[in-house]
Structure formats: structure tokens, C-alpha cells
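For reference, protein_10.cif is printed below; it contains mmCIF, C-alpha atoms and all ligand atoms.
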```cif
data_entry
#
loop_
_atom_site.label_atom_id
_atom_site.label_comp_id
_atom_site.auth_asym_id
_atom_site.auth_seq_id
_atom_site.Cartn_x
_atom_site.Cartn_y
_atom_site.Cartn_z
CA MET A 1 0.00 0.00 0.00
CA LEU A 2 1.40 3.38 -1.06
CA ASN A 3 1.78 5.86 1.79
CA HIS A 4 0.45 9.41 1.43
CA LYS A 5 3.83 11.04 1.67
CA LYS A 6 5.22 9.03 -1.26
CA LEU A 7 2.11 9.64 -3.32
CA ARG A 8 2.31 13.40 -2.70
CA GLU A 9 5.97 13.38 -3.71
CA ALA A 10 5.16 11.38 -6.83
CA ILE A 11 2.42 13.86 -7.79
CA LEU A 12 4.90 16.74 -7.54
CA LEU A 13 7.40 14.86 -9.70
CA VAL A 14 4.72 14.06 -12.31
CA GLU A 15 3.86 17.76 -12.43
CA LYS A 16 7.52 18.53 -13.05
CA LEU A 17 7.69 15.83 -15.75
CA GLY A 18 4.70 17.33 -17.58
CA GLY A 19 6.54 20.67 -17.78
CA LEU A 20 9.52 19.19 -19.65
CA SER A 21 9.64 18.41 -23.36
CA PHE A 22 11.85 18.20 -26.44
CA GLU A 23 11.11 18.88 -30.09
CA ILE A 24 9.94 16.09 -32.38
CA GLY A 25 9.68 16.28 -36.18
CA PRO A 26 6.75 14.89 -38.17
CA ILE A 27 8.15 11.66 -39.63
CA ARG A 28 10.57 8.74 -39.18
CA PRO A 29 11.03 5.47 -41.07
CA PRO A 30 8.55 2.72 -40.08
CA SER A 31 11.45 0.51 -38.96
CA GLU A 32 12.40 3.19 -36.40
CA GLY A 33 8.80 3.27 -35.18
CA GLY A 34 8.99 -0.51 -34.87
CA SER A 35 12.14 -0.23 -32.74
CA ARG A 36 10.50 2.58 -30.75
CA SER A 37 13.50 4.81 -31.35
CA LEU A 38 14.00 8.03 -29.47
CA LEU A 39 13.38 10.86 -31.93
CA LEU A 40 15.92 13.65 -31.78
CA ARG A 41 15.29 16.57 -34.12
CA VAL A 42 18.64 17.95 -35.27
CA THR A 43 17.34 19.91 -38.29
CA ARG A 44 13.88 20.94 -39.44
CA ASN A 45 12.29 19.83 -42.72
CA CYS A 46 14.00 19.05 -46.04
CA PRO A 47 16.69 21.20 -47.69
CA TRP A 48 15.58 20.10 -51.19
CA ARG A 49 11.72 19.93 -51.21
CA LEU A 50 11.61 19.46 -54.98
CA CYS A 51 11.16 15.73 -55.65
CA THR A 52 7.90 15.69 -57.59
CA PHE A 53 6.53 12.65 -55.69
CA CYS A 54 7.18 14.16 -52.24
CA TYR A 55 7.71 17.93 -52.55
CA GLY A 56 8.44 18.21 -48.84
CA ILE A 57 4.74 17.58 -48.11
CA PRO A 58 5.54 15.35 -45.09
CA TYR A 59 7.15 18.48 -43.61
CA ARG A 60 4.23 20.66 -44.71
CA ARG A 61 6.57 22.31 -47.24
CA GLN A 62 8.14 24.29 -44.40
CA LYS A 63 11.53 25.88 -45.01
CA PHE A 64 14.62 23.92 -44.03
CA GLN A 65 16.41 25.02 -40.85
CA LEU A 66 19.58 23.90 -39.13
CA ARG A 67 18.82 23.83 -35.42
CA PRO A 68 21.51 25.49 -33.29
CA VAL A 69 23.66 22.83 -31.61
CA LYS A 70 22.92 24.42 -28.24
CA GLU A 71 19.19 23.94 -28.80
CA VAL A 72 19.62 20.25 -29.70
CA MET A 73 21.85 19.73 -26.65
CA GLU A 74 19.17 21.32 -24.48
CA ASP A 75 16.61 18.92 -25.94
CA LEU A 76 18.88 16.05 -24.97
CA ASP A 77 19.21 17.49 -21.47
CA GLN A 78 15.42 17.68 -21.22
CA ALA A 79 15.12 14.05 -22.35
CA LYS A 80 17.67 13.03 -19.72
CA SER A 81 15.85 14.97 -16.96
CA MET A 82 12.58 13.34 -18.03
CA ALA A 83 14.19 9.88 -17.91
CA ASP A 84 15.61 10.57 -14.43
CA LEU A 85 12.24 11.84 -13.19
CA LEU A 86 10.50 8.77 -14.58
CA LYS A 87 12.87 6.53 -12.69
CA GLU A 88 12.28 8.45 -9.49
CA ILE A 89 8.50 8.36 -9.93
CA SER A 90 8.62 4.66 -10.71
CA LEU A 91 10.52 4.04 -7.43
CA LYS A 92 8.11 6.18 -5.41
CA LEU A 93 5.09 4.39 -6.87
CA GLY A 94 6.56 0.96 -6.17
CA TYR A 95 7.58 -0.05 -9.72
CA GLU A 96 11.25 -0.57 -8.79
CA GLY A 97 12.50 2.17 -11.13
CA LYS A 98 11.15 0.31 -14.18
CA THR A 99 9.07 1.74 -17.01
CA GLY A 100 6.25 -0.38 -18.36
CA GLU A 101 2.53 -0.51 -19.12
CA SER A 102 1.51 -0.44 -15.45
CA LEU A 103 3.64 2.62 -14.68
CA LEU A 104 2.17 4.37 -17.72
CA GLY A 105 -1.35 3.60 -16.45
CA ALA A 106 -0.49 5.03 -13.04
CA LEU A 107 1.05 8.16 -14.57
CA LEU A 108 -1.96 8.80 -16.77
CA LYS A 109 -4.24 8.51 -13.75
CA LEU A 110 -2.17 11.17 -11.99
CA ASP A 111 -2.00 13.41 -15.06
CA PRO A 112 -4.22 12.49 -18.06
CA THR A 113 -2.64 15.27 -20.16
CA LEU A 114 0.52 13.13 -20.41
CA GLY A 115 -1.44 10.98 -22.88
CA HIS A 116 -1.13 13.85 -25.41
CA HIS A 117 2.43 14.83 -24.52
CA GLU A 118 4.29 13.76 -27.66
CA SER A 119 7.87 13.84 -26.40
CA PHE A 120 6.92 12.21 -23.09
CA LEU A 121 5.22 9.33 -24.94
CA ASN A 122 8.17 8.94 -27.30
CA LEU A 123 10.61 8.87 -24.40
CA PHE A 124 8.47 6.51 -22.34
CA ASN A 125 8.07 4.01 -25.20
CA TRP A 126 11.76 4.26 -25.96
CA LEU A 127 12.78 3.57 -22.37
CA SER A 128 10.32 0.75 -21.92
CA SER A 129 11.76 -1.02 -24.96
CA GLY A 130 15.32 -0.75 -23.65
CA GLY A 131 16.32 2.75 -24.79
CA LYS A 132 18.81 1.41 -27.33
CA THR A 133 17.94 3.06 -30.65
CA VAL A 134 17.82 6.73 -31.63
CA PHE A 135 16.69 8.37 -34.87
CA LEU A 136 17.96 11.83 -35.84
CA GLN A 137 15.30 13.92 -37.62
CA ASP A 138 14.47 15.43 -40.19
CA ALA A 139 15.14 14.68 -43.89
CA ASP A 140 18.90 15.22 -44.18
CA SER A 141 20.83 15.34 -40.90
CA LEU A 142 24.19 14.86 -42.61
CA ILE A 143 23.93 18.41 -43.94
CA ILE A 144 24.97 19.57 -40.46
CA PRO A 145 28.68 20.48 -40.25
CA THR A 146 30.46 17.32 -39.13
CA ARG A 147 31.98 18.83 -35.98
CA ASN A 148 28.50 19.91 -34.81
CA LEU A 149 26.98 16.51 -35.43
CA VAL A 150 29.89 14.86 -33.62
CA GLU A 151 29.25 17.14 -30.65
CA ILE A 152 25.57 16.14 -30.60
CA LEU A 153 26.40 12.43 -30.90
CA LYS A 154 28.92 12.65 -28.07
CA HIS A 155 26.44 14.39 -25.80
CA LEU A 156 23.84 11.75 -26.62
CA LYS A 157 26.25 8.96 -25.74
CA LYS A 158 27.29 10.72 -22.53
CA LEU A 159 23.72 11.11 -21.31
CA PHE A 160 22.45 7.74 -22.56
CA PRO A 161 25.40 5.31 -22.63
CA GLN A 162 23.05 2.36 -23.24
CA VAL A 163 22.34 3.56 -26.82
CA GLU A 164 23.51 0.99 -29.38
CA ARG A 165 22.15 2.30 -32.68
CA VAL A 166 21.85 5.84 -34.03
CA THR A 167 20.26 6.28 -37.44
CA SER A 168 19.17 9.12 -39.68
CA TYR A 169 17.84 10.07 -43.10
CA ALA A 170 20.39 11.54 -45.50
CA ARG A 171 20.31 12.77 -49.09
CA ALA A 172 22.76 11.12 -51.47
CA LYS A 173 23.74 14.55 -52.80
CA THR A 174 24.80 15.62 -49.30
CA LEU A 175 26.74 12.40 -48.84
CA THR A 176 28.70 12.91 -52.05
CA ALA A 177 29.95 16.21 -50.62
CA LYS A 178 30.95 14.68 -47.29
CA PRO A 179 34.58 13.51 -47.09
CA LEU A 180 35.04 9.82 -46.26
CA GLU A 181 37.05 10.82 -43.16
CA ASP A 182 34.05 12.80 -41.87
CA LEU A 183 31.77 9.81 -42.29
CA LYS A 184 34.30 7.64 -40.46
CA LEU A 185 34.42 10.18 -37.65
CA LEU A 186 30.63 10.19 -37.44
CA ARG A 187 30.66 6.40 -37.35
CA SER A 188 33.16 6.35 -34.48
CA SER A 189 31.04 8.97 -32.68
CA GLY A 190 28.03 6.66 -32.77
CA LEU A 191 26.19 7.12 -36.08
CA SER A 192 25.47 3.58 -37.18
CA ARG A 193 22.87 3.52 -39.97
CA LEU A 194 21.67 5.85 -42.74
CA HIS A 195 18.33 5.71 -44.54
CA VAL A 196 18.69 7.14 -48.05
CA GLY A 197 16.02 7.58 -50.72
CA LEU A 198 17.46 5.97 -53.84
CA GLU A 199 13.98 5.76 -55.41
CA SER A 200 15.41 4.67 -58.78
CA GLY A 201 18.72 3.78 -60.37
CA ASP A 202 17.51 5.02 -63.74
CA ASP A 203 18.68 8.49 -64.71
CA GLU A 204 15.63 9.21 -66.83
CA VAL A 205 13.31 8.45 -63.90
CA LEU A 206 15.52 10.39 -61.46
CA LYS A 207 15.47 13.41 -63.75
CA LYS A 208 11.73 13.18 -64.35
CA VAL A 209 10.96 13.17 -60.63
CA ASN A 210 13.54 15.91 -59.99
CA LYS A 211 15.43 13.89 -57.41
CA GLY A 212 18.44 16.18 -57.80
CA VAL A 213 20.82 13.20 -57.80
CA THR A 214 22.16 11.02 -60.61
CA SER A 215 22.64 7.27 -60.52
CA ARG A 216 26.42 7.83 -60.51
CA GLU A 217 26.13 10.05 -57.43
CA HIS A 218 23.92 7.46 -55.75
CA VAL A 219 26.62 4.83 -56.26
CA GLU A 220 29.37 7.16 -55.04
CA ALA A 221 27.39 8.14 -51.93
CA GLY A 222 26.30 4.60 -51.10
CA ARG A 223 29.76 3.11 -51.44
CA LYS A 224 31.25 5.84 -49.29
CA VAL A 225 28.74 5.23 -46.50
CA ILE A 226 29.56 1.53 -46.50
CA GLU A 227 33.30 2.16 -46.63
CA ALA A 228 32.91 4.35 -43.53
CA GLY A 229 31.42 1.36 -41.72
CA ILE A 230 27.89 2.79 -41.58
CA GLU A 231 24.95 0.53 -42.37
CA LEU A 232 23.01 1.61 -45.43
CA SER A 233 19.27 1.32 -45.93
CA LEU A 234 18.14 2.34 -49.44
CA TYR A 235 14.53 3.08 -50.35
CA VAL A 236 13.32 2.02 -53.77
CA MET A 237 10.04 3.23 -55.24
CA SER A 238 8.51 0.66 -57.51
CA GLY A 239 6.21 2.12 -60.15
CA LEU A 240 7.91 5.53 -60.05
CA GLY A 241 8.64 5.42 -63.78
CA GLY A 242 5.00 4.64 -64.58
CA VAL A 243 4.18 2.12 -67.27
CA SER A 244 6.42 3.63 -69.94
CA LEU A 245 9.69 3.52 -67.94
CA SER A 246 8.92 0.43 -65.88
CA ARG A 247 11.48 -1.91 -67.46
CA GLN A 248 14.44 0.47 -67.41
CA HIS A 249 13.49 1.58 -63.88
CA ALA A 250 13.65 -2.04 -62.67
CA GLU A 251 16.84 -2.96 -64.54
CA ASN A 252 18.83 0.16 -63.72
CA THR A 253 17.72 0.15 -60.09
CA ALA A 254 18.98 -3.41 -59.76
CA ASP A 255 22.23 -2.37 -61.42
CA VAL A 256 22.80 0.55 -59.00
CA LEU A 257 21.90 -1.63 -56.01
CA ASN A 258 24.39 -4.26 -57.20
CA ARG A 259 27.11 -1.65 -57.48
CA ILE A 260 26.44 -0.39 -53.95
CA ASN A 261 25.48 -3.64 -52.21
CA PRO A 262 23.56 -1.95 -49.35
CA HIS A 263 22.66 -3.70 -46.11
CA PHE A 264 18.93 -3.09 -46.66
CA VAL A 265 16.73 -2.33 -49.65
CA ARG A 266 13.28 -1.12 -48.61
CA VAL A 267 10.61 -1.18 -51.27
CA ARG A 268 7.87 1.46 -51.24
CA THR A 269 5.40 1.28 -54.09
CA PHE A 270 4.79 4.71 -55.57
CA LEU A 271 1.47 6.24 -54.60
CA PRO A 272 0.59 9.80 -55.69
CA LEU A 273 0.64 12.08 -52.66
CA PRO A 274 -1.88 14.96 -52.71
CA GLY A 275 -0.16 18.33 -52.94
CA THR A 276 2.74 17.07 -55.07
CA PRO A 277 3.38 17.82 -58.76
CA LEU A 278 3.24 14.10 -59.57
CA PHE A 279 -0.19 13.85 -57.97
CA ASP A 280 -1.38 16.64 -60.28
CA GLU A 281 0.06 14.79 -63.27
CA TYR A 282 -1.74 11.63 -62.16
CA ARG A 283 -5.04 13.51 -61.76
CA LYS A 284 -4.67 15.06 -65.22
CA GLY A 285 -4.18 11.57 -66.65
CA ASN A 286 -0.55 12.23 -67.62
CA PHE A 287 0.90 9.64 -65.23
CA LYS A 288 -0.44 6.12 -65.23
CA LEU A 289 -0.11 3.96 -62.15
CA LEU A 290 0.99 0.36 -62.63
CA SER A 291 -1.68 -2.32 -62.46
CA PRO A 292 -1.16 -5.01 -59.77
CA HIS A 293 0.44 -7.39 -62.29
CA GLN A 294 2.63 -4.66 -63.79
CA CYS A 295 3.83 -3.69 -60.34
CA LEU A 296 4.63 -7.28 -59.36
CA SER A 297 6.39 -7.87 -62.69
CA GLU A 298 8.51 -4.77 -62.18
CA ILE A 299 9.55 -5.91 -58.70
CA ARG A 300 10.21 -9.40 -60.10
CA LEU A 301 12.50 -8.07 -62.79
CA MET A 302 14.48 -6.06 -60.25
CA VAL A 303 14.75 -8.96 -57.77
CA GLU A 304 15.79 -11.36 -60.53
CA LYS A 305 18.72 -9.11 -61.42
CA LEU A 306 19.82 -8.41 -57.86
CA GLU A 307 23.21 -9.76 -56.82
CA ILE A 308 23.37 -8.08 -53.42
CA THR A 309 24.11 -9.83 -50.15
CA GLY A 310 21.88 -7.67 -47.94
CA ARG A 311 18.18 -7.82 -47.16
CA ILE A 312 15.21 -6.67 -49.19
CA CYS A 313 12.22 -5.55 -47.14
CA PHE A 314 8.63 -4.72 -47.95
CA ASP A 315 7.86 -3.07 -44.62
CA HIS A 316 4.99 -0.86 -45.70
CA PHE A 317 1.33 -1.57 -46.35
CA ILE A 318 1.35 0.24 -49.72
CA ASN A 319 3.31 -2.62 -51.25
CA PRO A 320 1.42 -5.25 -53.31
CA SER A 321 -1.38 -6.99 -51.48
CA LEU A 322 -4.49 -9.07 -52.01
CA LYS A 323 -7.80 -7.28 -52.48
CA ASN A 324 -8.48 -7.50 -48.73
CA GLY A 325 -5.15 -5.82 -47.91
CA PHE A 326 -3.32 -9.02 -46.95
CA PRO A 327 0.31 -8.41 -47.99
CA ILE A 328 1.91 -10.49 -50.75
CA PHE A 329 5.33 -10.10 -49.14
CA ARG A 330 6.41 -10.53 -45.54
CA GLN A 331 6.00 -7.09 -44.06
CA ASP A 332 8.55 -7.29 -41.24
CA TYR A 333 11.52 -4.93 -40.93
CA GLU A 334 14.15 -7.56 -41.70
CA GLY A 335 12.59 -8.83 -44.94
CA TYR A 336 14.26 -11.43 -47.15
CA LYS A 337 17.96 -12.24 -47.04
CA LEU A 338 19.63 -12.27 -50.42
CA PRO A 339 20.80 -14.33 -52.17
CA GLU A 340 19.56 -17.12 -49.82
CA GLU A 341 15.87 -16.19 -50.05
CA LYS A 342 15.81 -14.99 -53.64
CA SER A 343 14.02 -18.10 -54.89
CA VAL A 344 11.41 -17.83 -52.10
CA LEU A 345 10.82 -14.24 -53.09
CA LEU A 346 10.52 -15.02 -56.80
CA GLU A 347 8.15 -17.91 -56.09
CA THR A 348 6.04 -15.60 -53.92
CA ILE A 349 5.79 -13.13 -56.80
CA ASP A 350 5.01 -15.86 -59.33
CA ARG A 351 2.20 -17.21 -57.16
CA ALA A 352 0.72 -13.71 -56.88
CA LEU A 353 1.02 -13.26 -60.65
CA GLU A 354 -1.10 -16.37 -61.17
CA LEU A 355 -4.02 -14.62 -59.46
CA GLU A 356 -6.49 -12.57 -61.45
CA GLU A 357 -5.84 -8.82 -61.14
CA SER A 358 -9.32 -8.48 -59.67
CA GLU A 359 -8.10 -10.53 -56.68
CA LEU A 360 -5.31 -8.03 -55.99
CA ARG A 361 -5.47 -4.50 -54.62
CA TRP A 362 -5.17 -1.69 -57.16
CA LEU A 363 -3.12 1.33 -56.15
CA GLU A 364 -5.94 3.66 -57.13
CA GLU A 365 -7.81 2.36 -54.06
CA LEU A 366 -5.16 3.88 -51.79
CA VAL A 367 -4.81 7.30 -53.39
CA GLY A 368 -5.57 10.02 -50.85
CA LEU A 369 -5.13 7.81 -47.78
CA PRO A 370 -2.52 8.91 -45.22
CA CYS A 371 0.33 6.55 -46.14
CA LEU A 372 3.46 8.02 -44.58
S1 LIG A 401 11.96 12.74 -51.06
FE1 LIG A 401 13.42 13.38 -49.48
S2 LIG A 401 14.77 14.80 -50.58
FE2 LIG A 401 12.97 14.61 -51.85
S3 LIG A 401 11.66 16.31 -51.23
FE3 LIG A 401 11.06 14.51 -50.00
S4 LIG A 401 12.20 14.65 -48.12
FE4 LIG A 401 13.18 16.01 -49.60
#
```

Once more with this new file: its structure as C-alpha cells, please.
Amino acid sequence: MLNHKKLREAILLVEKLGGLSFEIGPIRPPSEGGSRSLLLRVTRNCPWRLCTFCYGIPYRRQKFQLRPVKEVMEDLDQAKSMADLLKEISLKLGYEGKTGESLLGALLKLDPTLGHHESFLNLFNWLSSGGKTVFLQDADSLIIPTRNLVEILKHLKKLFPQVERVTSYARAKTLTAKPLEDLKLLRSSGLSRLHVGLESGDDEVLKKVNKGVTSREHVEAGRKVIEAGIELSLYVMSGLGGVSLSRQHAENTADVLNRINPHFVRVRTFLPLPGTPLFDEYRKGNFKLLSPHQCLSEIRLMVEKLEITGRICFDHFINPSLKNGFPIFRQDYEGYKLPEEKSVLLETIDRALELEESELRWLEELVGLPCL
């Protein structure tokens, strides 16, 4: 039975906790959501905002900003104070300093507003799943001067020594400008994985969607990341070339992936996003989405040509599925190991291709849904 004194003390600490916060950006990769990563916003928005399929819409087209290092450090200090307070509250309430569902229930009873406190919830979920992974937001953290990012990474490690994995989004263009030595320094300071939007290995597709990067630059950037000892996760957008460029999109994407040999390939089927130039083209009838069979055939062609030794993942619900939404591919974050599971993957695609298209979900059914 909790005594009154301890309860009163806990209430005061919860009040203090509710007054602390740190900034969180709008998006992170699904795999980081799955690992319940701590979200640390080191920049705001995207410095490019011109890819016609995205257009910076996930960041509400807001202007890019570098956050002052001091501000990011203060956010980390807030996160640390919140973690310390949580431990103290947990001890006072009889949960032995642990974070878990029952502590969360008790906290919400004491202060229901915590249920809408974004950074508290992020921190709580992160701690209760071990507090080992961190994701640096927003779209291109590597644009930060290396010495500043090193300072941030060191502070993170000092405050949370249990952290094992630090990941971030980065643009290939930014990576081409980063010296290999800088990437190595970032690796030794704790940066362990980068998520990069390859989208396509075909220069015609890249130019059409205004990616601002060529296939050659993609290869240069990807190889450099791997040489620095950083894990590389590349996003590929099937269907991005529409029907007319489907074949070259598949073949040249496989070729670029083979030349890089990333640790992860993550497939995201292209879906027109309202507010983007490509959505307007789609609405005007100038861009045709692939049919279910065309999409599967495009993925098949790419997979067939892949010679990589990493994993290919289909960890998003917009990828091919049956009419009822049941995914064709395993949807987990680890996906299929290549080359070992290549035949399983090809057989899976072939089985799906034997179905009538009416038994599969058409992309048009998803247009307009929140898919990020
Ligand atoms: S896809 Fe990436 S680089 Fe392109 S506009 Fe969107 S966030 Fe920026």
C-alpha cells in the first residue's frame, strides 16, 4: 500500500515531468517506429523539397532550418531529466524504477494530459523497450557540419550510454559532398545507420521526378557510406517510372543496387501524394499507375537481377497486397535475405502473378489515404 507522503511526492514529480519536453519532427522510417526509437530533431524539414513525388509535403513544405547545436543539446538534457524523473516516480510508486505498461497507467491517472504529450510518450516508449535506438530527424541530418553533429552524438552517448544504434535520413547529394574521413568520424562517434532515398537507379526516372541526384552520385554516396562502416538502408520506389519507364526503372535500379550492395533495400510502391506535382500529373491523366500485375512484374524483374548480399524488405502496407489488404510479401523490418531467399521471393511473386488482377489490390484504391 502506497503511503500518502510518497504519493504526494510522486504527484509533484509528475507535475515537473509534464513541464519538460523536447522537439519532435513529423516523420521517421517505419522501422524506427517498430524499434520505438528516441526521436531527436537535429534539423527541421527538407533542404531540397523538390522531388515531384514528395515535394516536402511530409514536412508541410516548411523551409529547411539547421537547429543550433545548443538547442539540440538542451533537448537532450530535457530528455535526460525526463528519464531521471520517470525513474524516481517509478521508485516512489513501487515499480522498482522500471518503465512499463503499469507505470504508464499510473502516470496517466495522476495526469491524463501526459497521454497527449508527444515527447513524453516517445521517451516513455523508448525507455520501456530498452532505450537502445535513436533516430535523428528530419530529412537530411548529414547536412549539419560534421563537428556539430559529432558534438551532438557525443552528448547523446554521454547522457544515454546504453544507446547501441543511431540512425538518420540523409540525401545522397549531401553524402557525395561529405569527405570519407568525416563519415568515419561520425561512425566512431556513434552514427550507425543511414536511410537514403534511392527511389530509382535510372537516370531518366531520377530526372523526371527531380530527385536532384544522378545514378552515378547514388553509387558514389552509397559506397562511401559503406566504406565508412555505416549501415546503409536504401529506399526504392517501384512504379515511379510509370508504365512507360517500368522496365528500365527495374533494370537500372537493380544495377545501381548491385554496385552499392547496401545492407537493406526497402521497397515502397509509388502512390501519388496529394499536394505534389506528380499527384497533379496523375489527376490530369498524364501519369499512369501500374496495375497489380505490372507492379509485381517490375519488382520481379528487379529482384531477378539483384546480386546483393543484404536484405530486401517490404515493410509498408502500400506494397502489393491481395484485395483484402493481406500483404503479398512478408512485411517485417528484416525482410528477405539475399541471395539465400531470392528463390522464395521469386516464387512468392510468381504465385501472386497467377491470381487474377481483380483478386489483388489496385493502387488507385489507396490514393488520398494517409500513407506516410
Ligand atoms: S523525397 Fe526526401 S529529398 Fe525529396 S523532397 Fe522529399 S524529403 Fe526532400

| Hey, which residues come within 9 Å of ligand LIG 401 (chain A) if we count only C-alpha atoms and all ligand atoms? Could you give them as an NGL selection string? | :A and (45-59 or 61 or 138-140 or 169-172 or 196-197 or 199 or 210-212)

| query | CA of Gly33 in chain A to CA of Thr309 in chain A: how many Å, to one decimal? | reply |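 Separating CA of Gly33 in chain A from CA of Thr309 in chain A is a distance of 25.1 Å.
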
| said: Measuring between all atoms listed in the file, which one of A:Ser90, A:Ser233, A:Thr99, A:Gln78 shows the shortest distance to Cys313 in chain A? | reply: A:Ser233

| said: For a cutoff of 12 Å around the file-coordinate point (16.4, -6.8, -57.9), which residues qualify once you count all atoms listed in the file? I'd like the result as a ChimeraX atom specification. | reply: /A:200-201,236,238,247,249-259,261,265-267,296-313,336,338-339,342-343,345-346

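Remark: for Glu281 in chain A, the closest of the candidate residues A:Val209, A:Ile318, A:Leu93, A:Leu12 is A:Val209 (distances computed over only C-alpha atoms).
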
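Take CA of Glu15 in chain A and CA of Asp111 in chain A: the distance between them is 7.8 Å.
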
| task | For CA of Arg361 in chain A and CA of Lys337 in chain A, quote the distance in Å rounded to one decimal. | result |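 CA of Lys337 in chain A lies 25.8 Å from CA of Arg361 in chain A.
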
| task | Taking (25.4, 4.0, -39.2) in the file's own coordinates, collect the residues within 6 Å, counting all atoms listed in the file, and hand them back as JSON, numbers by chain. | result | {"A": [167, 191, 192, 193, 194, 230, 231]}

| Counting all atoms listed in the file, the residue of A:Ile143, A:Leu76, A:Leu17, A:Leu40 that sits nearest Leu108 in chain A |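 The answer is A:Leu17, which sits nearest to Leu108 in chain A.
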
| query | From the set A:Gly18, A:Pro262, A:Gly275, A:Gly239, which residue has the shortest atom-to-atom contact distance to Asn319 in chain A, counting all atoms listed in the file? | reply | A:Gly239

| message | Given only C-alpha atoms as the basis, pick out the residue of A:Leu20, A:Gly94, A:Gly190, A:Val150 nearest to Glu164 in chain A. | response | A:Gly190

Please provide as a CSV table (one decimal) with C-alpha atoms, keeping the file's coordinate frame all residues within 10 Å of Pro68 in chain A, with the sequence filter that same-chain residues fewer than 2 positions apart are discarded (counting all atoms listed in the file).
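Wrote result39.csv, looks like this:
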```
chain,number,residue,atom,x,y,z
A,42,VAL,CA,18.6,18.0,-35.3
A,43,THR,CA,17.3,19.9,-38.3
A,65,GLN,CA,16.4,25.0,-40.8
A,66,LEU,CA,19.6,23.9,-39.1
A,70,LYS,CA,22.9,24.4,-28.2
A,71,GLU,CA,19.2,23.9,-28.8
A,72,VAL,CA,19.6,20.2,-29.7
A,73,MET,CA,21.8,19.7,-26.6
A,144,ILE,CA,25.0,19.6,-40.5
A,148,ASN,CA,28.5,19.9,-34.8
```

| field | Spatial neighbours of Leu290 in chain A, 8 Å, all atoms listed in the file, chain gap at least 6 places, as a list in words | value | Gly239, Gly242, Val243 and Leu363 of chain A

Padding 3 Å on every side, please: axis-aligned box over the listed atoms of range 278-285 of chain A, centre and edge lengths to one decimal in Å, as AutoDock Vina command-line options.
```
--center_x -0.9 --center_y 14.1 --center_z -62.3 --size_x 14.3 --size_y 11.1 --size_z 14.7
```

| query | A:Asp332, A:Glu101, A:Glu181, A:Asp84: which is nearest Val14 in chain A, counting only C-alpha atoms? | reply |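 Under the stated criterion, the closest residue is A:Asp84.
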